[in-house]
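Engineer: Pasting work_22.cif here (mmCIF, C-alpha atoms):
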```cif
data_structure
loop_
_atom_site.group_PDB
_atom_site.id
_atom_site.type_symbol
_atom_site.label_atom_id
_atom_site.label_comp_id
_atom_site.auth_asym_id
_atom_site.auth_seq_id
_atom_site.Cartn_x
_atom_site.Cartn_y
_atom_site.Cartn_z
ATOM 1 C CA MET A 1 -12.335 28.511 0.642
ATOM 2 C CA PRO A 2 -9.405 29.687 -1.512
ATOM 3 C CA SER A 3 -8.692 33.418 -1.535
ATOM 4 C CA ASP A 4 -5.851 35.845 -2.208
ATOM 5 C CA LYS A 5 -4.780 35.431 1.414
ATOM 6 C CA ASN A 6 -5.315 31.675 1.409
ATOM 7 C CA PRO A 7 -4.508 30.355 -2.091
ATOM 8 C CA VAL A 8 -4.461 26.699 -3.094
ATOM 9 C CA HIS A 9 -0.873 25.451 -3.107
ATOM 10 C CA PRO A 10 0.326 22.691 -5.440
ATOM 11 C CA CYS A 11 0.669 19.101 -4.250
ATOM 12 C CA CYS A 12 2.562 16.046 -5.423
ATOM 13 C CA LEU A 13 1.573 12.382 -5.141
ATOM 14 C CA THR A 14 3.775 9.336 -4.720
ATOM 15 C CA ILE A 15 2.510 5.850 -5.553
ATOM 16 C CA ALA A 16 5.177 3.493 -4.270
ATOM 17 C CA GLY A 17 6.334 1.219 -1.463
ATOM 18 C CA SER A 18 7.458 2.148 2.004
ATOM 19 C CA ASP A 19 11.003 1.935 3.354
ATOM 20 C CA SER A 20 11.125 1.328 7.097
ATOM 21 C CA GLY A 21 14.636 2.796 7.154
ATOM 22 C CA GLY A 22 13.444 6.037 5.575
ATOM 23 C CA ASN A 23 16.046 5.939 2.784
ATOM 24 C CA ALA A 24 13.961 5.156 -0.292
ATOM 25 C CA GLY A 25 10.376 4.664 -1.444
ATOM 26 C CA VAL A 26 7.571 6.834 -0.131
ATOM 27 C CA GLN A 27 9.742 8.248 2.642
ATOM 28 C CA ALA A 28 12.374 9.515 0.197
ATOM 29 C CA ASP A 29 9.648 10.905 -2.037
ATOM 30 C CA LEU A 30 8.089 12.917 0.785
ATOM 31 C CA ARG A 31 11.527 14.270 1.686
ATOM 32 C CA ALA A 32 11.948 15.493 -1.902
ATOM 33 C CA PHE A 33 8.483 17.050 -2.031
ATOM 34 C CA HIS A 34 9.160 18.832 1.264
ATOM 35 C CA ALA A 35 12.500 20.123 -0.053
ATOM 36 C CA TYR A 36 10.567 21.836 -2.848
ATOM 37 C CA GLY A 37 7.990 23.268 -0.460
ATOM 38 C CA LEU A 38 5.219 21.020 -1.757
ATOM 39 C CA HIS A 39 2.586 19.082 0.139
ATOM 40 C CA GLY A 40 2.938 15.353 -0.479
ATOM 41 C CA CYS A 41 0.103 12.830 -0.770
ATOM 42 C CA THR A 42 0.787 9.101 -0.626
ATOM 43 C CA VAL A 43 -0.553 5.843 -1.987
ATOM 44 C CA PHE A 44 1.225 2.835 -0.492
ATOM 45 C CA ALA A 45 1.528 -0.060 -2.936
ATOM 46 C CA ALA A 46 3.673 -2.223 -0.628
ATOM 47 C CA LEU A 47 5.124 -2.256 2.869
ATOM 48 C CA THR A 48 8.712 -3.335 3.319
ATOM 49 C CA ALA A 49 11.065 -4.143 6.157
ATOM 50 C CA GLN A 50 14.427 -2.866 4.996
ATOM 51 C CA ASN A 51 17.611 -0.967 5.680
ATOM 52 C CA PRO A 52 20.457 -0.001 3.329
ATOM 53 C CA SER A 53 21.839 -3.549 3.524
ATOM 54 C CA ALA A 54 18.783 -5.680 2.815
ATOM 55 C CA VAL A 55 15.054 -5.982 2.264
ATOM 56 C CA THR A 56 13.970 -8.603 4.779
ATOM 57 C CA ALA A 57 10.210 -8.683 4.196
ATOM 58 C CA ILE A 58 7.628 -7.358 1.729
ATOM 59 C CA HIS A 59 3.897 -7.070 2.384
ATOM 60 C CA PRO A 60 1.908 -6.242 -0.772
ATOM 61 C CA VAL A 61 -1.013 -3.858 -0.366
ATOM 62 C CA PRO A 62 -4.256 -5.329 -1.813
ATOM 63 C CA ALA A 63 -5.365 -3.741 -5.079
ATOM 64 C CA ASP A 64 -8.713 -2.639 -3.641
ATOM 65 C CA PHE A 65 -6.953 -0.721 -0.870
ATOM 66 C CA VAL A 66 -4.599 0.868 -3.417
ATOM 67 C CA ALA A 67 -7.751 1.982 -5.267
ATOM 68 C CA ALA A 68 -9.278 3.339 -2.048
ATOM 69 C CA GLN A 69 -6.169 5.425 -1.340
ATOM 70 C CA LEU A 70 -6.242 6.861 -4.856
ATOM 71 C CA ASP A 71 -9.942 7.668 -4.577
ATOM 72 C CA ALA A 72 -9.292 9.468 -1.290
ATOM 73 C CA VAL A 73 -6.790 11.942 -2.741
ATOM 74 C CA LEU A 74 -7.446 12.368 -6.476
ATOM 75 C CA GLY A 75 -9.758 15.285 -7.145
ATOM 76 C CA VAL A 76 -9.579 16.416 -3.504
ATOM 77 C CA TYR A 77 -5.992 17.672 -3.305
ATOM 78 C CA SER A 78 -4.455 20.029 -5.858
ATOM 79 C CA ILE A 79 -2.154 17.349 -7.276
ATOM 80 C CA ARG A 80 -0.208 18.781 -10.196
ATOM 81 C CA ALA A 81 2.275 15.950 -10.626
ATOM 82 C CA LEU A 82 2.895 12.421 -9.405
ATOM 83 C CA LYS A 83 5.489 9.696 -9.531
ATOM 84 C CA THR A 84 5.259 5.945 -9.374
ATOM 85 C CA GLY A 85 7.911 3.702 -7.902
ATOM 86 C CA MET A 86 8.287 -0.046 -7.655
ATOM 87 C CA LEU A 87 4.959 -1.761 -8.360
ATOM 88 C CA ALA A 88 4.887 -5.554 -8.186
ATOM 89 C CA ASP A 89 1.185 -6.482 -8.426
ATOM 90 C CA PRO A 90 -0.406 -6.392 -11.906
ATOM 91 C CA ARG A 91 -3.857 -5.985 -10.333
ATOM 92 C CA ALA A 92 -2.693 -2.909 -8.443
ATOM 93 C CA ILE A 93 -1.125 -1.530 -11.623
ATOM 94 C CA GLY A 94 -4.492 -1.976 -13.318
ATOM 95 C CA VAL A 95 -6.433 0.038 -10.749
ATOM 96 C CA ILE A 96 -3.700 2.699 -10.697
ATOM 97 C CA ALA A 97 -3.874 3.029 -14.477
ATOM 98 C CA ASP A 98 -7.672 3.213 -14.406
ATOM 99 C CA ARG A 99 -7.626 6.076 -11.887
ATOM 100 C CA LEU A 100 -4.766 8.002 -13.481
ATOM 101 C CA ALA A 101 -6.308 7.841 -16.942
ATOM 102 C CA ALA A 102 -9.159 9.999 -15.600
ATOM 103 C CA HIS A 103 -6.703 12.772 -14.662
ATOM 104 C CA PRO A 104 -4.828 13.904 -17.781
ATOM 105 C CA GLU A 105 -4.145 17.270 -16.087
ATOM 106 C CA ILE A 106 -1.653 15.635 -13.706
ATOM 107 C CA ALA A 107 1.945 15.308 -14.925
ATOM 108 C CA LYS A 108 3.046 11.698 -14.474
ATOM 109 C CA VAL A 109 6.620 10.544 -13.864
ATOM 110 C CA ILE A 110 6.759 6.766 -14.264
ATOM 111 C CA ASP A 111 9.860 5.076 -12.883
ATOM 112 C CA PRO A 112 9.642 1.619 -14.512
ATOM 113 C CA VAL A 113 11.390 -0.266 -11.724
ATOM 114 C CA MET A 114 11.953 -3.630 -13.387
ATOM 115 C CA ILE A 115 15.660 -4.429 -13.633
ATOM 116 C CA ALA A 116 18.553 -3.544 -11.343
ATOM 117 C CA THR A 117 21.644 -1.958 -12.866
ATOM 118 C CA SER A 118 23.352 -5.306 -12.194
ATOM 119 C CA GLY A 119 20.875 -6.918 -14.592
ATOM 120 C CA ALA A 120 18.858 -8.723 -11.900
ATOM 121 C CA LYS A 121 15.108 -8.821 -12.599
ATOM 122 C CA LEU A 122 13.092 -7.200 -9.823
ATOM 123 C CA VAL A 123 9.570 -8.116 -10.987
ATOM 124 C CA GLY A 124 7.951 -10.877 -13.018
ATOM 125 C CA GLU A 125 6.964 -10.828 -16.673
ATOM 126 C CA THR A 126 3.261 -10.322 -15.924
ATOM 127 C CA THR A 127 4.103 -7.192 -13.969
ATOM 128 C CA VAL A 128 6.387 -5.931 -16.747
ATOM 129 C CA GLU A 129 3.564 -6.429 -19.259
ATOM 130 C CA ALA A 130 1.177 -4.446 -17.046
ATOM 131 C CA ILE A 131 3.667 -1.594 -16.657
ATOM 132 C CA VAL A 132 4.264 -1.449 -20.417
ATOM 133 C CA SER A 133 0.654 -1.833 -21.546
ATOM 134 C CA ARG A 134 -1.230 0.063 -18.837
ATOM 135 C CA LEU A 135 1.039 2.532 -17.043
ATOM 136 C CA ILE A 136 3.672 3.836 -19.454
ATOM 137 C CA PRO A 137 1.092 4.967 -22.057
ATOM 138 C CA LEU A 138 -0.108 7.508 -19.452
ATOM 139 C CA ALA A 139 3.360 8.904 -18.735
ATOM 140 C CA THR A 140 4.617 12.419 -19.192
ATOM 141 C CA LEU A 141 8.145 11.165 -18.531
ATOM 142 C CA ILE A 142 9.647 7.721 -17.896
ATOM 143 C CA THR A 143 12.974 7.235 -16.103
ATOM 144 C CA PRO A 144 14.507 3.835 -16.946
ATOM 145 C CA ASN A 145 18.083 2.895 -16.180
ATOM 146 C CA LEU A 146 20.052 1.462 -19.104
ATOM 147 C CA PRO A 147 19.055 -2.217 -18.573
ATOM 148 C CA GLU A 148 15.391 -1.192 -18.239
ATOM 149 C CA ALA A 149 15.623 0.925 -21.388
ATOM 150 C CA GLU A 150 17.083 -2.047 -23.268
ATOM 151 C CA ALA A 151 14.303 -4.313 -21.992
ATOM 152 C CA LEU A 152 11.608 -1.814 -23.003
ATOM 153 C CA ALA A 153 13.176 -1.381 -26.458
ATOM 154 C CA GLY A 154 13.804 -5.089 -26.957
ATOM 155 C CA GLY A 155 17.497 -4.665 -27.738
ATOM 156 C CA LYS A 156 20.747 -2.975 -26.836
ATOM 157 C CA GLY A 157 21.908 0.465 -27.876
ATOM 158 C CA THR A 158 23.373 3.708 -26.665
ATOM 159 C CA ALA A 159 21.447 5.711 -24.094
ATOM 160 C CA GLY A 160 20.605 8.281 -26.765
ATOM 161 C CA ASP A 161 19.402 5.738 -29.295
ATOM 162 C CA LEU A 162 17.281 3.980 -26.677
ATOM 163 C CA ALA A 163 15.782 7.217 -25.375
ATOM 164 C CA ALA A 164 14.765 8.281 -28.894
ATOM 165 C CA GLU A 165 13.371 4.843 -29.727
ATOM 166 C CA LEU A 166 11.315 4.661 -26.544
ATOM 167 C CA GLY A 167 10.098 8.226 -26.985
ATOM 168 C CA GLY A 168 8.775 7.310 -30.409
ATOM 169 C CA LYS A 169 7.324 4.048 -29.162
ATOM 170 C CA PHE A 170 5.473 5.423 -26.145
ATOM 171 C CA GLY A 171 4.894 9.048 -27.110
ATOM 172 C CA CYS A 172 6.393 10.501 -23.932
ATOM 173 C CA ALA A 173 9.631 12.052 -22.741
ATOM 174 C CA VAL A 174 12.311 9.506 -21.794
ATOM 175 C CA LEU A 175 15.215 9.977 -19.380
ATOM 176 C CA VAL A 176 17.781 7.168 -19.508
ATOM 177 C CA LYS A 177 19.672 7.361 -16.245
ATOM 178 C CA GLY A 178 23.443 7.004 -16.141
ATOM 179 C CA GLY A 179 24.112 7.336 -12.439
ATOM 180 C CA HIS A 180 25.582 3.841 -12.116
ATOM 181 C CA GLY A 181 27.836 4.087 -15.148
ATOM 182 C CA SER A 182 31.598 4.522 -15.152
ATOM 183 C CA GLY A 183 33.804 7.543 -15.645
ATOM 184 C CA GLY A 184 34.169 10.826 -13.851
ATOM 185 C CA GLU A 185 30.816 12.206 -14.993
ATOM 186 C CA SER A 186 27.273 11.001 -14.327
ATOM 187 C CA VAL A 187 25.439 11.509 -17.615
ATOM 188 C CA ASP A 188 21.670 11.215 -18.054
ATOM 189 C CA VAL A 189 20.197 11.348 -21.564
ATOM 190 C CA LEU A 190 16.789 12.924 -22.227
ATOM 191 C CA TRP A 191 14.522 12.577 -25.259
ATOM 192 C CA SER A 192 11.870 15.289 -25.153
ATOM 193 C CA GLY A 193 10.051 17.240 -27.839
ATOM 194 C CA GLY A 194 11.935 15.431 -30.598
ATOM 195 C CA GLU A 195 15.344 16.425 -29.246
ATOM 196 C CA LEU A 196 18.127 14.656 -27.343
ATOM 197 C CA SER A 197 19.865 16.406 -24.440
ATOM 198 C CA GLU A 198 22.599 15.288 -22.055
ATOM 199 C CA PHE A 199 22.774 16.317 -18.406
ATOM 200 C CA SER A 200 26.116 15.757 -16.738
ATOM 201 C CA LEU A 201 27.460 16.308 -13.237
ATOM 202 C CA PRO A 202 30.699 15.070 -11.646
ATOM 203 C CA ARG A 203 30.502 11.778 -9.803
ATOM 204 C CA ILE A 204 30.962 12.025 -6.052
ATOM 205 C CA ASP A 205 33.820 9.865 -4.820
ATOM 206 C CA ASN A 206 33.024 7.472 -1.959
ATOM 207 C CA PRO A 207 29.692 8.980 -0.896
ATOM 208 C CA VAL A 208 28.302 8.017 2.494
ATOM 209 C CA SER A 209 25.069 6.842 0.835
ATOM 210 C CA THR A 210 23.406 6.563 -2.572
ATOM 211 C CA HIS A 211 20.453 4.468 -1.353
ATOM 212 C CA GLY A 212 17.201 5.916 -2.652
ATOM 213 C CA THR A 213 18.655 8.068 -5.428
ATOM 214 C CA GLY A 214 16.335 6.649 -8.104
ATOM 215 C CA CYS A 215 13.261 7.275 -5.971
ATOM 216 C CA SER A 216 14.488 10.737 -5.067
ATOM 217 C CA LEU A 217 15.174 11.663 -8.694
ATOM 218 C CA ALA A 218 11.677 10.670 -9.833
ATOM 219 C CA ALA A 219 10.105 12.522 -6.905
ATOM 220 C CA ALA A 220 12.177 15.632 -7.590
ATOM 221 C CA LEU A 221 11.156 15.472 -11.248
ATOM 222 C CA ALA A 222 7.511 15.384 -10.193
ATOM 223 C CA ALA A 223 8.088 18.350 -7.889
ATOM 224 C CA GLU A 224 9.771 20.340 -10.652
ATOM 225 C CA LEU A 225 6.889 19.623 -13.033
ATOM 226 C CA ALA A 226 4.354 20.559 -10.343
ATOM 227 C CA LEU A 227 6.024 23.962 -10.140
ATOM 228 C CA GLY A 228 5.560 24.506 -13.860
ATOM 229 C CA ARG A 229 9.014 23.633 -15.170
ATOM 230 C CA SER A 230 9.435 22.237 -18.667
ATOM 231 C CA VAL A 231 10.699 18.658 -18.868
ATOM 232 C CA PRO A 232 14.325 19.671 -19.659
ATOM 233 C CA GLU A 233 14.258 22.241 -16.833
ATOM 234 C CA ALA A 234 12.828 19.610 -14.497
ATOM 235 C CA VAL A 235 15.595 17.168 -15.366
ATOM 236 C CA ARG A 236 18.288 19.764 -14.755
ATOM 237 C CA GLY A 237 16.812 20.767 -11.399
ATOM 238 C CA ALA A 238 16.078 17.223 -10.214
ATOM 239 C CA LYS A 239 19.558 16.011 -11.111
ATOM 240 C CA ALA A 240 21.040 18.900 -9.123
ATOM 241 C CA TYR A 241 18.772 18.002 -6.174
ATOM 242 C CA VAL A 242 19.985 14.397 -6.116
ATOM 243 C CA HIS A 243 23.628 15.442 -6.566
ATOM 244 C CA ASP A 244 23.316 17.762 -3.571
ATOM 245 C CA ALA A 245 21.573 15.065 -1.524
ATOM 246 C CA ILE A 246 24.429 12.633 -2.195
ATOM 247 C CA GLU A 247 26.991 15.295 -1.266
ATOM 248 C CA ARG A 248 25.121 15.886 2.007
ATOM 249 C CA SER A 249 24.667 12.174 2.793
ATOM 250 C CA CYS A 250 25.504 11.261 6.363
ATOM 251 C CA LEU A 251 25.679 8.394 8.825
ATOM 252 C CA VAL A 252 22.572 7.731 10.887
ATOM 253 C CA GLY A 253 23.873 4.523 12.452
ATOM 254 C CA PRO A 254 27.255 2.813 12.928
ATOM 255 C CA SER A 255 27.232 1.515 9.332
ATOM 256 C CA CYS A 256 24.061 3.093 7.985
ATOM 257 C CA GLY A 257 23.972 6.138 5.737
ATOM 258 C CA VAL A 258 21.148 8.228 4.323
ATOM 259 C CA LEU A 259 20.902 10.898 1.652
ATOM 260 C CA GLY A 260 21.135 14.392 3.058
ATOM 261 C CA PHE A 261 18.449 17.052 2.972
ATOM 262 C CA ALA A 262 18.928 19.357 0.001
ATOM 263 C CA PRO A 263 16.407 22.224 0.257
ATOM 264 C CA ARG A 264 14.873 23.504 -2.977
ATOM 265 C CA ALA A 265 11.823 25.377 -1.642
ATOM 266 C CA GLU A 266 11.767 28.780 -3.237
ATOM 267 C CA GLU A 267 8.336 29.199 -4.777
ATOM 268 C CA ALA A 268 5.547 26.964 -3.567
ATOM 269 C CA PHE A 269 4.977 28.612 -0.192
ATOM 270 C CA ALA A 270 6.595 31.986 -0.912
#
```
Rewrite the structure from the file as structure tokens, please.
Structural biologist:
Amino acid sequence: MPSDKNPVHPCCLTIAGSDSGGNAGVQADLRAFHAYGLHGCTVFAALTAQNPSAVTAIHPVPADFVAAQLDAVLGVYSIRALKTGMLADPRAIGVIADRLAAHPEIAKVIDPVMIATSGAKLVGETTVEAIVSRLIPLATLITPNLPEAEALAGGKGTAGDLAAELGGKFGCAVLVKGGHGSGGESVDVLWSGGELSEFSLPRIDNPVSTHGTGCSLAAALAAELALGRSVPEAVRGAKAYVHDAIERSCLVGPSCGVLGFAPRAEEAFA
């Protein structure tokens, strides 16, 4: 039982796919949660065979097993925040939305993984419709890249204009990511509480690895929110976490790099 000597510590949840190389997906999310000193719970939505060069196989997890995983952890663990990653099955999105709707106390970071920065579509239209109609309405914060923001808004625009438009459309905070843009600064634009803010850090020249940065950012945002940060504070801290992880990236094979470990644990288990 909880007591002064044995309090209940906050937890985070990731709902995403696996990465057998440990660079992205659930594995990257757990690394971020651990860096913040938080216990991580997991719901696997897909299994993948991949490394930084290629995804060679994908095994979707049946929707009923996704539901069973959610039922096993929600209401049992002290989950204060969660993040979702790439979700490809509309049926799984439906059961996820059904379960999450029953937990308004949990902060929800939705990474609407739909379109690569190159413009390539990653999921089908039915999946996009499920993300937009079922999942995003539950979000505390969504984290689209610029092409995803344009797709969600139905037109082109500046990152600031898109963030404000999507914030009004969905009623949540919106972070339009600029990590793959050009120039010497990486600029993310946040719409939160009716205000626009920019968060900028210098780009790192020729990093060993950037694989998994989107997953890591969303997971770090969830961790920040779980620790009671405001959305702008969470964005500032999560962006710093990812910047440090890129700076610390290292080789783990002859031509294989991974983000480095950037510790952030200062409160959760103090």
Engineer: Produce the centre coordinates and the three edge lengths, each in Å to one decimal, of the box along x, y and z that contains all listed atoms of range 154-167 of chain A with 6 Å added on each side, as AutoDock Vina command-line options.
Structural biologist:
```
--center_x 16.7 --center_y 1.6 --center_z -26.9 --size_x 25.3 --size_y 25.4 --size_z 17.6
```
Engineer: Pull out every residue that the PyMOL selection byres ((chain A and resi 133-150) around 7) matches in the shown coordinates and put them as a VMD selection string.
Structural biologist: chain A and resid 94 97 101 107 to 112 114 to 115 117 119 129 to 132 151 to 156 159 162 170 172 to 178
Engineer: Keeping C-alpha atoms, export the residues of the selection given above as a short mmCIF file (atom, residue, chain, number, x, y, z; two decimals), in the coordinates of the input.
Structural biologist:
```
data_model
loop_
_atom_site.label_atom_id
_atom_site.label_comp_id
_atom_site.auth_asym_id
_atom_site.auth_seq_id
_atom_site.Cartn_x
_atom_site.Cartn_y
_atom_site.Cartn_z
CA GLY A 94 -4.49 -1.98 -13.32
CA ALA A 97 -3.87 3.03 -14.48
CA ALA A 101 -6.31 7.84 -16.94
CA ALA A 107 1.94 15.31 -14.92
CA LYS A 108 3.05 11.70 -14.47
CA VAL A 109 6.62 10.54 -13.86
CA ILE A 110 6.76 6.77 -14.26
CA ASP A 111 9.86 5.08 -12.88
CA PRO A 112 9.64 1.62 -14.51
CA MET A 114 11.95 -3.63 -13.39
CA ILE A 115 15.66 -4.43 -13.63
CA THR A 117 21.64 -1.96 -12.87
CA GLY A 119 20.88 -6.92 -14.59
CA GLU A 129 3.56 -6.43 -19.26
CA ALA A 130 1.18 -4.45 -17.05
CA ILE A 131 3.67 -1.59 -16.66
CA VAL A 132 4.26 -1.45 -20.42
CA ALA A 151 14.30 -4.31 -21.99
CA LEU A 152 11.61 -1.81 -23.00
CA ALA A 153 13.18 -1.38 -26.46
CA GLY A 154 13.80 -5.09 -26.96
CA GLY A 155 17.50 -4.66 -27.74
CA LYS A 156 20.75 -2.98 -26.84
CA ALA A 159 21.45 5.71 -24.09
CA LEU A 162 17.28 3.98 -26.68
CA PHE A 170 5.47 5.42 -26.14
CA CYS A 172 6.39 10.50 -23.93
CA ALA A 173 9.63 12.05 -22.74
CA VAL A 174 12.31 9.51 -21.79
CA LEU A 175 15.22 9.98 -19.38
CA VAL A 176 17.78 7.17 -19.51
CA LYS A 177 19.67 7.36 -16.24
CA GLY A 178 23.44 7.00 -16.14
#
```
Engineer: Pick the closest to Asn51 in chain A from A:Ser192, A:Thr210, A:Ser20, A:Gln69: which is it, counting only C-alpha atoms?
Structural biologist: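 Of A:Ser192, A:Thr210, A:Ser20, A:Gln69, the one nearest Asn51 in chain A is A:Ser20, counting only C-alpha atoms.
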Engineer: Here's the selection I'm unsure about, the PyMOL selection byres ((chain A and resi 196-202) around 12); applied to the file above, which residues does it give, as a PyMOL selection string?
Structural biologist: chain A and resi 159-165+167+173-179+181-195+203-205+231-244+246-247
Engineer: Separation of CA of Gly257 in chain A and CA of Ser53 in chain A, in Å?
Structural biologist: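 Taking CA of Gly257 in chain A and CA of Ser53 in chain A, their separation equals 10.2 Å.
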Engineer: Give the answer as one residue: which of A:Ala245, A:Asp29, A:Val95, A:Tyr77 has the shortest atom-to-atom distance to Val208 in chain A, using only C-alpha atoms?
Structural biologist: A:Ala245
Engineer: Counting all atoms listed in the file, which residues sit no farther than 12 Å from the position (13.9, -0.6, 2.1) in the file's frame? I'd like them as a ChimeraX atom specification.
Structural biologist: /A:16-28,46-59,86,211-212,215,258
